[in-house]
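Asker: File structure_1.cif below, mmCIF, C-alpha atoms:
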```
data_final
loop_
_atom_site.label_atom_id
_atom_site.label_comp_id
_atom_site.auth_asym_id
_atom_site.auth_seq_id
_atom_site.Cartn_x
_atom_site.Cartn_y
_atom_site.Cartn_z
CA MET A 503 25.16 -61.24 49.61
CA THR A 504 26.00 -58.88 52.49
CA LEU A 505 28.17 -55.85 51.70
CA SER A 506 30.09 -55.61 54.95
CA PRO A 507 32.40 -52.71 55.89
CA GLU A 508 35.36 -55.06 55.46
CA LEU A 509 34.25 -55.98 51.94
CA LEU A 510 33.74 -52.31 50.98
CA LEU A 511 37.25 -51.47 52.16
CA THR A 512 38.69 -54.41 50.22
CA VAL A 513 36.90 -53.35 47.03
CA ALA A 514 38.03 -49.73 47.39
CA THR A 515 41.60 -50.77 48.09
CA GLU A 516 41.73 -53.13 45.10
CA ARG A 517 40.35 -50.43 42.80
CA LEU A 518 43.00 -47.99 43.92
CA ARG A 519 45.83 -50.47 43.53
CA ALA A 520 44.63 -51.54 40.07
CA ALA A 521 44.45 -47.96 38.84
CA ARG A 522 47.56 -46.72 40.60
CA PRO A 523 50.37 -49.28 40.27
CA ASP A 524 52.62 -46.91 42.22
CA LEU A 525 50.67 -47.95 45.34
CA ALA A 526 51.20 -51.68 44.80
CA ASP A 527 54.24 -51.87 47.10
CA ARG A 528 52.73 -49.80 49.88
CA SER A 529 51.42 -51.43 53.03
CA ALA A 530 47.76 -52.37 53.25
CA ARG A 531 47.32 -49.79 56.01
CA SER A 532 48.80 -47.05 53.85
CA VAL A 533 46.48 -47.87 50.97
CA GLU A 534 43.50 -47.99 53.34
CA ASP A 535 44.34 -44.48 54.55
CA SER A 536 44.58 -43.30 50.94
CA VAL A 537 41.14 -44.75 50.18
CA LYS A 538 39.50 -43.11 53.19
CA GLU A 539 41.22 -39.75 52.76
CA GLY A 540 40.84 -39.65 48.98
CA VAL A 541 43.60 -39.74 46.38
CA ARG A 542 44.05 -36.89 43.96
CA ALA A 543 43.55 -38.18 40.43
CA GLU A 544 46.05 -36.68 38.01
CA GLY A 545 46.78 -37.12 34.33
CA VAL A 546 43.85 -37.11 31.93
CA ALA A 547 40.16 -36.40 32.49
CA ALA A 548 36.93 -36.69 30.55
CA VAL A 549 34.56 -33.74 30.37
CA VAL A 550 30.81 -34.26 30.03
CA VAL A 551 28.49 -31.46 28.90
CA VAL A 552 25.05 -32.19 30.32
CA ARG A 553 21.85 -30.63 28.96
CA ASP A 554 19.46 -32.81 30.95
CA VAL A 555 19.55 -36.29 32.42
CA ARG A 556 17.45 -39.30 31.53
CA LEU A 557 19.20 -42.03 33.47
CA PRO A 558 18.53 -44.98 31.11
CA SER A 559 19.82 -43.01 28.11
CA TRP A 560 22.71 -41.60 30.13
CA VAL A 561 23.80 -45.09 31.26
CA ARG A 562 23.78 -46.35 27.67
CA GLU A 563 25.66 -43.34 26.32
CA THR A 564 28.25 -43.40 29.10
CA CYS A 565 29.06 -47.00 28.23
CA ALA A 566 29.08 -46.14 24.51
CA PHE A 567 31.64 -43.40 25.19
CA ALA A 568 33.91 -45.76 27.14
CA LEU A 569 33.54 -48.46 24.47
CA SER A 570 34.65 -45.99 21.78
CA LEU A 571 38.04 -45.30 23.40
CA THR A 572 41.26 -46.80 22.11
CA PRO A 573 43.04 -49.11 24.56
CA GLU A 574 45.74 -46.46 25.09
CA ARG A 575 43.26 -43.72 26.00
CA ALA A 576 41.23 -46.07 28.16
CA ASP A 577 44.33 -47.19 30.10
CA ALA A 578 45.43 -43.59 30.69
CA TRP A 579 41.96 -42.69 31.94
CA ARG A 580 41.88 -45.69 34.26
CA ARG A 581 45.23 -44.64 35.76
CA SER A 582 43.60 -41.27 36.44
CA LEU A 583 40.81 -43.04 38.34
CA THR A 584 38.43 -42.30 35.42
CA ARG A 585 38.40 -38.66 36.51
CA THR A 586 35.41 -36.86 34.96
CA LEU A 587 34.17 -33.27 35.09
CA TYR A 588 30.47 -32.50 34.58
CA LEU A 589 29.44 -29.18 33.03
CA ALA A 590 26.00 -27.73 32.30
CA GLY A 591 25.41 -26.81 28.66
CA ARG A 592 23.75 -27.60 25.34
CA PRO A 593 25.92 -29.91 23.22
CA ASP A 594 24.16 -28.92 19.98
CA ASN A 595 25.31 -25.32 20.45
CA LEU A 596 28.93 -26.32 21.03
CA ARG A 597 29.69 -28.93 18.38
CA GLU A 598 31.12 -26.43 15.91
CA ARG A 599 33.47 -24.90 18.49
CA PHE A 600 34.67 -27.96 20.38
CA ALA A 601 35.68 -31.50 19.41
CA PHE A 602 33.65 -34.10 21.26
CA THR A 603 34.53 -37.77 21.42
CA ARG A 604 30.85 -38.71 21.56
CA VAL A 605 27.53 -36.87 21.47
CA ALA A 606 24.40 -38.65 22.72
CA ALA A 607 21.91 -39.39 19.96
CA ASP A 608 19.21 -37.42 21.79
CA GLY A 609 21.53 -34.45 22.35
CA THR A 610 21.25 -34.61 26.13
CA ALA A 611 25.00 -34.97 26.76
CA ALA A 612 28.39 -34.94 25.05
CA TRP A 613 31.78 -36.33 26.09
CA ALA A 614 35.20 -34.82 25.43
CA GLY A 615 38.53 -36.51 26.10
CA PRO A 616 39.85 -38.13 28.12
CA ASP A 617 42.69 -35.63 27.70
CA PRO A 618 45.07 -33.55 29.81
CA ASP A 619 43.32 -30.58 31.43
CA GLU A 620 44.86 -28.04 29.07
CA ALA A 621 43.04 -29.64 26.12
CA THR A 622 39.63 -28.73 27.59
CA THR A 623 40.48 -25.38 29.17
CA GLY A 624 38.25 -23.39 26.79
CA LEU A 625 35.25 -25.63 27.36
CA ARG A 626 35.67 -25.60 31.13
CA ARG A 627 36.01 -21.81 31.24
CA LEU A 628 32.89 -21.32 29.14
CA LEU A 629 30.53 -23.55 31.14
CA ARG A 630 29.60 -23.91 34.78
CA THR A 631 29.68 -27.10 36.80
CA PHE A 632 26.52 -29.16 36.46
CA SER A 633 24.69 -28.69 39.78
CA GLY A 634 22.04 -31.45 39.69
CA ARG A 635 20.91 -30.82 43.27
CA ARG A 636 17.63 -32.70 42.98
CA LEU A 637 17.48 -35.72 45.29
CA LEU A 638 16.75 -38.99 43.53
CA THR A 639 13.60 -40.97 44.18
CA ALA A 640 12.76 -44.60 43.45
CA TRP A 641 11.78 -45.74 39.94
CA GLN A 642 10.47 -48.87 38.30
CA PRO A 643 13.22 -51.13 36.88
CA VAL A 644 14.13 -50.32 33.30
CA THR A 645 16.39 -52.29 30.96
CA VAL A 646 19.01 -50.68 28.73
CA GLU A 647 20.89 -52.35 25.87
CA LEU A 648 24.45 -51.22 25.16
CA PRO A 649 25.50 -50.54 21.56
CA SER A 650 26.54 -53.59 19.55
CA ALA A 651 30.09 -54.04 18.31
CA GLN A 652 31.12 -53.67 14.70
CA GLY A 653 32.11 -57.07 13.36
CA ARG A 654 32.40 -60.16 15.54
CA PRO A 655 32.00 -59.50 19.30
CA GLU A 656 34.63 -60.81 21.70
CA ARG A 657 31.94 -62.60 23.74
CA ALA A 658 28.20 -63.15 23.70
CA PRO A 659 26.20 -60.32 25.33
CA VAL A 660 25.01 -60.89 28.90
CA HIS A 661 22.36 -59.39 31.18
CA ARG A 662 23.21 -57.81 34.53
CA ASP A 663 21.36 -55.80 37.15
CA LEU A 664 22.66 -52.30 37.88
CA TYR A 665 21.72 -51.05 41.35
CA LEU A 666 21.92 -47.45 42.54
CA ALA A 667 21.51 -46.50 46.22
CA THR A 668 19.35 -43.36 46.18
CA ALA A 669 19.17 -42.36 49.86
CA HIS A 670 20.42 -38.76 50.22
CA LEU A 671 21.83 -38.96 46.68
CA THR A 672 21.58 -35.99 44.32
CA LEU A 673 21.40 -36.29 40.56
CA ALA A 674 24.94 -34.91 40.26
CA ASP A 675 26.21 -37.50 42.75
CA ALA A 676 24.50 -40.25 40.78
CA LEU A 677 26.28 -39.23 37.58
CA VAL A 678 29.63 -39.35 39.37
CA HIS A 679 29.16 -42.75 40.99
CA LEU A 680 27.52 -44.42 38.01
CA GLY A 681 30.07 -42.83 35.69
CA HIS A 682 33.01 -44.35 37.55
CA LEU A 683 31.39 -47.77 37.86
CA LEU A 684 30.30 -47.99 34.22
CA ALA A 685 33.52 -46.62 32.72
CA GLU A 686 35.77 -48.90 34.75
CA SER A 687 33.54 -51.90 34.06
CA VAL A 688 33.83 -51.25 30.32
CA ILE A 689 37.59 -50.78 30.51
CA ASP A 690 38.17 -54.02 32.43
CA GLY A 691 35.77 -55.97 30.20
CA THR A 692 33.01 -56.58 32.75
CA LEU A 693 30.65 -54.71 30.41
CA GLY A 694 30.79 -55.22 26.67
CA PRO A 695 28.92 -54.43 23.45
CA GLY A 696 25.33 -55.63 23.35
CA ASP A 697 25.09 -56.27 27.10
CA ARG A 698 21.74 -55.53 28.74
CA LEU A 699 21.51 -53.71 32.07
CA THR A 700 18.40 -53.52 34.23
CA LEU A 701 18.63 -50.28 36.19
CA ARG A 702 17.19 -50.64 39.69
CA SER A 703 16.88 -48.24 42.62
CA VAL A 704 17.23 -49.13 46.30
CA PRO A 705 17.52 -46.81 49.32
CA ARG A 706 20.83 -48.32 50.43
CA LEU A 707 23.13 -51.08 49.22
CA THR A 708 23.71 -53.31 52.23
CA ALA A 709 23.04 -56.61 50.48
CA LEU A 710 22.50 -57.96 46.96
CA PRO A 711 20.32 -60.85 45.79
CA ALA A 712 23.13 -62.04 43.50
CA PRO A 713 26.94 -61.97 43.61
CA TYR A 714 28.41 -58.67 42.48
CA ALA A 715 30.61 -58.17 39.44
CA ALA A 716 31.61 -54.59 40.31
CA LEU A 717 30.96 -52.13 43.14
CA ARG A 718 31.27 -48.37 43.38
CA VAL A 719 32.56 -47.59 46.87
CA ASP A 720 33.34 -44.14 48.21
CA THR A 721 33.28 -42.16 51.43
CA ASP A 722 29.86 -41.81 53.03
CA ARG A 723 29.19 -38.06 53.05
CA LEU A 724 26.95 -38.34 56.09
CA ARG A 725 29.57 -40.37 57.98
CA PRO A 726 32.98 -39.41 56.57
CA ASP A 727 34.80 -42.03 58.65
CA ARG A 728 32.94 -44.82 56.84
CA LEU A 729 32.66 -46.16 53.31
CA ARG A 730 29.40 -46.61 51.41
CA ALA A 731 28.39 -48.72 48.42
CA TYR A 732 26.73 -46.35 45.97
CA ALA A 733 26.22 -48.61 42.96
CA ALA A 734 26.64 -52.24 42.01
CA LEU A 735 26.70 -54.47 38.94
CA THR A 736 25.67 -58.06 39.51
CA GLN A 737 27.04 -61.15 37.89
CA GLU A 738 25.19 -62.39 34.81
CA THR A 739 21.49 -62.96 35.51
#
```
Could you write out this file's structure as structure tokens?
Answerer:
Amino acid sequence: MTLSPELLLTVATERLRAARPDLADRSARSVEDSVKEGVRAEGVAAVVVVRDVRLPSWVRETCAFALSLTPERADAWRRSLTRTLYLAGRPDNLRERFAFTRVAADGTAAWAGPDPDEATTGLRRLLRTFSGRRLLTAWQPVTVELPSAQGRPERAPVHRDLYLATAHLTLADALVHLGHLLAESVIDGTLGPGDRLTLRSVPRLTALPAPYAALRVDTDRLRPDRLRAYAALTQET
């Protein structure tokens, strides 16, 4: 399946309209301009304290965090375009001082919120932004299983491929793009408890071997007048 510029713009526009109902009545051209120029996300935000990153674990824990949210908190976060701030720190040293919504089992990351900014002011003033400047390189495919639901699941678990385009992508950029894709896919039900994801790396996402279920589209930093597909979830494999 070819990911054409027209398709990328359609996906980005639909995401914006779904998250921001106030744009629903605007012209297609106006929404396109908003997508390309960037729309300030307001309202609530999640804050992630990152000690170190192991992508398979981080993918699983990011989904676990989104799955733990109440529908009300998840909806508010979606309206804020799943805005997330990444800080460098050691979660184990902060648990007594700050209330986290979820702490990764291996202690590599912790999530607070999503809440209004004033609720995380102390945490954000204490820690610096996570830099993660290392450029990503290719890896062998690895499969991650999301946490199972308590009680009867709403549907049977499925398996999907999760692609990340690594060309000129830093570790910090990867967290941002994967974070948006995974969180929004959990909120809209594309991802659910017990699902299995095979994490795959490709230099660029210009085509997929299977139909997509979700795409992460944003401005191409090397060519700001164009959009780029940074990550993709396929349909059930």
Asker: Skipping near chain neighbours, those fewer than 6 positions away, what residues fall within 10 Å of Pro711 in chain A using all atoms listed in the file, listed as an mmCIF file with C-alpha atoms, in the frame of the given file?
Answerer:
```cif
data_model
loop_
_atom_site.group_PDB
_atom_site.id
_atom_site.type_symbol
_atom_site.label_atom_id
_atom_site.label_comp_id
_atom_site.auth_asym_id
_atom_site.auth_seq_id
_atom_site.Cartn_x
_atom_site.Cartn_y
_atom_site.Cartn_z
ATOM 1 C CA MET A 503 25.160 -61.240 49.610
ATOM 2 C CA THR A 504 26.000 -58.880 52.490
ATOM 3 C CA THR A 736 25.670 -58.060 39.510
#
```
Asker: Could you write out as a list in words the residues that the PyMOL selection byres ((chain A and resi 585-587) around 7) matches in the shown file?
Answerer: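 Going through the file, the PyMOL selection byres ((chain A and resi 585-587) around 7) ends up selecting Ala543, Ala547, Ala548, Val549, Val550, Ser582, Leu583, Thr584, Tyr588 and Leu589 of chain A.
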Asker: Pull C-alpha atoms from the residues just selected and write them as a short mmCIF file (atom, residue, chain, number, x, y, z; two decimals), in the coordinates of the input.
Answerer:
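Below is the file result_20.cif, written as the result:
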```cif
data_model
loop_
_atom_site.label_atom_id
_atom_site.label_comp_id
_atom_site.auth_asym_id
_atom_site.auth_seq_id
_atom_site.Cartn_x
_atom_site.Cartn_y
_atom_site.Cartn_z
CA ALA A 543 43.55 -38.18 40.43
CA ALA A 547 40.16 -36.40 32.49
CA ALA A 548 36.93 -36.69 30.55
CA VAL A 549 34.56 -33.74 30.37
CA VAL A 550 30.81 -34.26 30.03
CA SER A 582 43.60 -41.27 36.44
CA LEU A 583 40.81 -43.04 38.34
CA THR A 584 38.43 -42.30 35.42
CA TYR A 588 30.47 -32.50 34.58
CA LEU A 589 29.44 -29.18 33.03
#
```
Asker: Return the single residue from A:Arg522, A:His661, A:Arg580, A:Arg706 that is closest to Arg730 in chain A, with distances computed using all atoms listed in the file.
Answerer: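 For Arg730 in chain A, the nearest of the candidates is A:Arg706.
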Asker: Here is a test: counting all atoms listed in the file, which residue of A:Ala611, A:Ala566, A:Val719, A:His679 is nearest to Ala651 in chain A?
Answerer: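 Once distances to Ala651 in chain A are computed over all atoms listed in the file, the minimum belongs to A:Ala566.
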Asker: A:Val660, A:Cys565, A:Leu505, A:Leu625: which is nearest Arg592 in chain A, counting all atoms listed in the file?
Answerer: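 Looking only at the distances to Arg592 in chain A, the closest residue turns out to be A:Leu625.
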Asker: Work out how far apart CA of Ala731 in chain A and CA of Arg630 in chain A are and give it in Å to one decimal.
Answerer: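 Spanning CA of Ala731 in chain A to CA of Arg630 in chain A is a straight-line distance of 28.3 Å.
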Asker: Would you mind exporting range 635-660 of chain A with N, CA, C and O atoms, as an mmCIF file, in the first residue's frame?
Answerer:
```cif
data_model
loop_
_atom_site.group_PDB
_atom_site.id
_atom_site.type_symbol
_atom_site.label_atom_id
_atom_site.label_comp_id
_atom_site.auth_asym_id
_atom_site.auth_seq_id
_atom_site.Cartn_x
_atom_site.Cartn_y
_atom_site.Cartn_z
ATOM 1 N N ARG A 635 19.319 12.437 21.934
ATOM 2 C CA ARG A 635 19.800 12.891 20.625
ATOM 3 C C ARG A 635 20.356 11.783 19.748
ATOM 4 O O ARG A 635 20.683 12.013 18.586
ATOM 5 N N ARG A 636 20.509 10.595 20.292
ATOM 6 C CA ARG A 636 21.078 9.497 19.502
ATOM 7 C C ARG A 636 20.159 9.149 18.339
ATOM 8 O O ARG A 636 18.950 8.981 18.502
ATOM 9 N N LEU A 637 20.754 9.023 17.140
ATOM 10 C CA LEU A 637 19.980 8.627 15.973
ATOM 11 C C LEU A 637 19.694 7.131 16.037
ATOM 12 O O LEU A 637 20.551 6.333 16.426
ATOM 13 N N LEU A 638 18.497 6.762 15.651
ATOM 14 C CA LEU A 638 18.116 5.353 15.686
ATOM 15 C C LEU A 638 18.739 4.582 14.529
ATOM 16 O O LEU A 638 18.958 5.134 13.453
ATOM 17 N N THR A 639 19.007 3.321 14.775
ATOM 18 C CA THR A 639 19.478 2.414 13.742
ATOM 19 C C THR A 639 18.505 1.239 13.653
ATOM 20 O O THR A 639 17.644 1.058 14.518
ATOM 21 N N ALA A 640 18.652 0.450 12.597
ATOM 22 C CA ALA A 640 17.738 -0.677 12.374
ATOM 23 C C ALA A 640 17.899 -1.739 13.460
ATOM 24 O O ALA A 640 18.948 -1.861 14.085
ATOM 25 N N TRP A 641 16.846 -2.522 13.686
ATOM 26 C CA TRP A 641 16.881 -3.625 14.644
ATOM 27 C C TRP A 641 16.097 -4.800 14.079
ATOM 28 O O TRP A 641 15.310 -4.645 13.132
ATOM 29 N N GLN A 642 16.326 -5.957 14.655
ATOM 30 C CA GLN A 642 15.564 -7.137 14.268
ATOM 31 C C GLN A 642 14.153 -7.034 14.839
ATOM 32 O O GLN A 642 13.955 -6.527 15.945
ATOM 33 N N PRO A 643 13.135 -7.484 14.112
ATOM 34 C CA PRO A 643 11.757 -7.403 14.619
ATOM 35 C C PRO A 643 11.613 -8.067 15.980
ATOM 36 O O PRO A 643 12.195 -9.130 16.230
ATOM 37 N N VAL A 644 10.859 -7.434 16.846
ATOM 38 C CA VAL A 644 10.618 -7.971 18.181
ATOM 39 C C VAL A 644 9.137 -7.814 18.506
ATOM 40 O O VAL A 644 8.533 -6.785 18.171
ATOM 41 N N THR A 645 8.545 -8.817 19.120
ATOM 42 C CA THR A 645 7.110 -8.800 19.412
ATOM 43 C C THR A 645 6.853 -8.493 20.874
ATOM 44 O O THR A 645 7.511 -9.029 21.766
ATOM 45 N N VAL A 646 5.901 -7.613 21.106
ATOM 46 C CA VAL A 646 5.515 -7.160 22.441
ATOM 47 C C VAL A 646 4.054 -7.516 22.672
ATOM 48 O O VAL A 646 3.221 -7.354 21.769
ATOM 49 N N GLU A 647 3.735 -7.992 23.871
ATOM 50 C CA GLU A 647 2.342 -8.287 24.219
ATOM 51 C C GLU A 647 1.850 -7.257 25.223
ATOM 52 O O GLU A 647 2.493 -7.022 26.252
ATOM 53 N N LEU A 648 0.719 -6.637 24.934
ATOM 54 C CA LEU A 648 0.154 -5.635 25.827
ATOM 55 C C LEU A 648 -0.486 -6.321 27.037
ATOM 56 O O LEU A 648 -0.887 -7.485 26.960
ATOM 57 N N PRO A 649 -0.595 -5.601 28.153
ATOM 58 C CA PRO A 649 -1.184 -6.205 29.353
ATOM 59 C C PRO A 649 -2.608 -6.692 29.091
ATOM 60 O O PRO A 649 -3.361 -6.087 28.333
ATOM 61 N N SER A 650 -2.967 -7.780 29.733
ATOM 62 C CA SER A 650 -4.320 -8.325 29.599
ATOM 63 C C SER A 650 -5.293 -7.554 30.463
ATOM 64 O O SER A 650 -4.906 -6.929 31.460
ATOM 65 N N ALA A 651 -6.565 -7.599 30.084
ATOM 66 C CA ALA A 651 -7.600 -6.883 30.834
ATOM 67 C C ALA A 651 -8.045 -7.703 32.032
ATOM 68 O O ALA A 651 -7.987 -8.935 32.017
ATOM 69 N N GLN A 652 -8.483 -7.001 33.069
ATOM 70 C CA GLN A 652 -9.102 -7.668 34.209
ATOM 71 C C GLN A 652 -10.530 -8.043 33.817
ATOM 72 O O GLN A 652 -11.277 -7.222 33.297
ATOM 73 N N GLY A 653 -10.904 -9.294 34.057
ATOM 74 C CA GLY A 653 -12.244 -9.719 33.696
ATOM 75 C C GLY A 653 -12.330 -10.071 32.215
ATOM 76 O O GLY A 653 -11.339 -10.352 31.557
ATOM 77 N N ARG A 654 -13.503 -9.997 31.671
ATOM 78 C CA ARG A 654 -13.746 -10.411 30.292
ATOM 79 C C ARG A 654 -13.350 -9.298 29.324
ATOM 80 O O ARG A 654 -13.842 -8.177 29.425
ATOM 81 N N PRO A 655 -12.451 -9.572 28.353
ATOM 82 C CA PRO A 655 -12.057 -8.532 27.393
ATOM 83 C C PRO A 655 -13.196 -8.193 26.450
ATOM 84 O O PRO A 655 -14.093 -9.000 26.201
ATOM 85 N N GLU A 656 -13.156 -6.965 25.905
ATOM 86 C CA GLU A 656 -14.203 -6.530 24.990
ATOM 87 C C GLU A 656 -14.107 -7.253 23.649
ATOM 88 O O GLU A 656 -15.101 -7.409 22.953
ATOM 89 N N ARG A 657 -12.906 -7.658 23.260
ATOM 90 C CA ARG A 657 -12.710 -8.411 22.024
ATOM 91 C C ARG A 657 -11.503 -9.316 22.185
ATOM 92 O O ARG A 657 -10.700 -9.152 23.102
ATOM 93 N N ALA A 658 -11.376 -10.277 21.284
ATOM 94 C CA ALA A 658 -10.227 -11.168 21.326
ATOM 95 C C ALA A 658 -8.967 -10.398 20.924
ATOM 96 O O ALA A 658 -9.024 -9.537 20.040
ATOM 97 N N PRO A 659 -7.836 -10.657 21.557
ATOM 98 C CA PRO A 659 -6.592 -9.978 21.184
ATOM 99 C C PRO A 659 -6.212 -10.267 19.733
ATOM 100 O O PRO A 659 -6.522 -11.326 19.190
ATOM 101 N N VAL A 660 -5.541 -9.298 19.105
ATOM 102 C CA VAL A 660 -5.100 -9.442 17.721
ATOM 103 C C VAL A 660 -3.603 -9.145 17.645
ATOM 104 O O VAL A 660 -3.003 -8.643 18.600
#
```
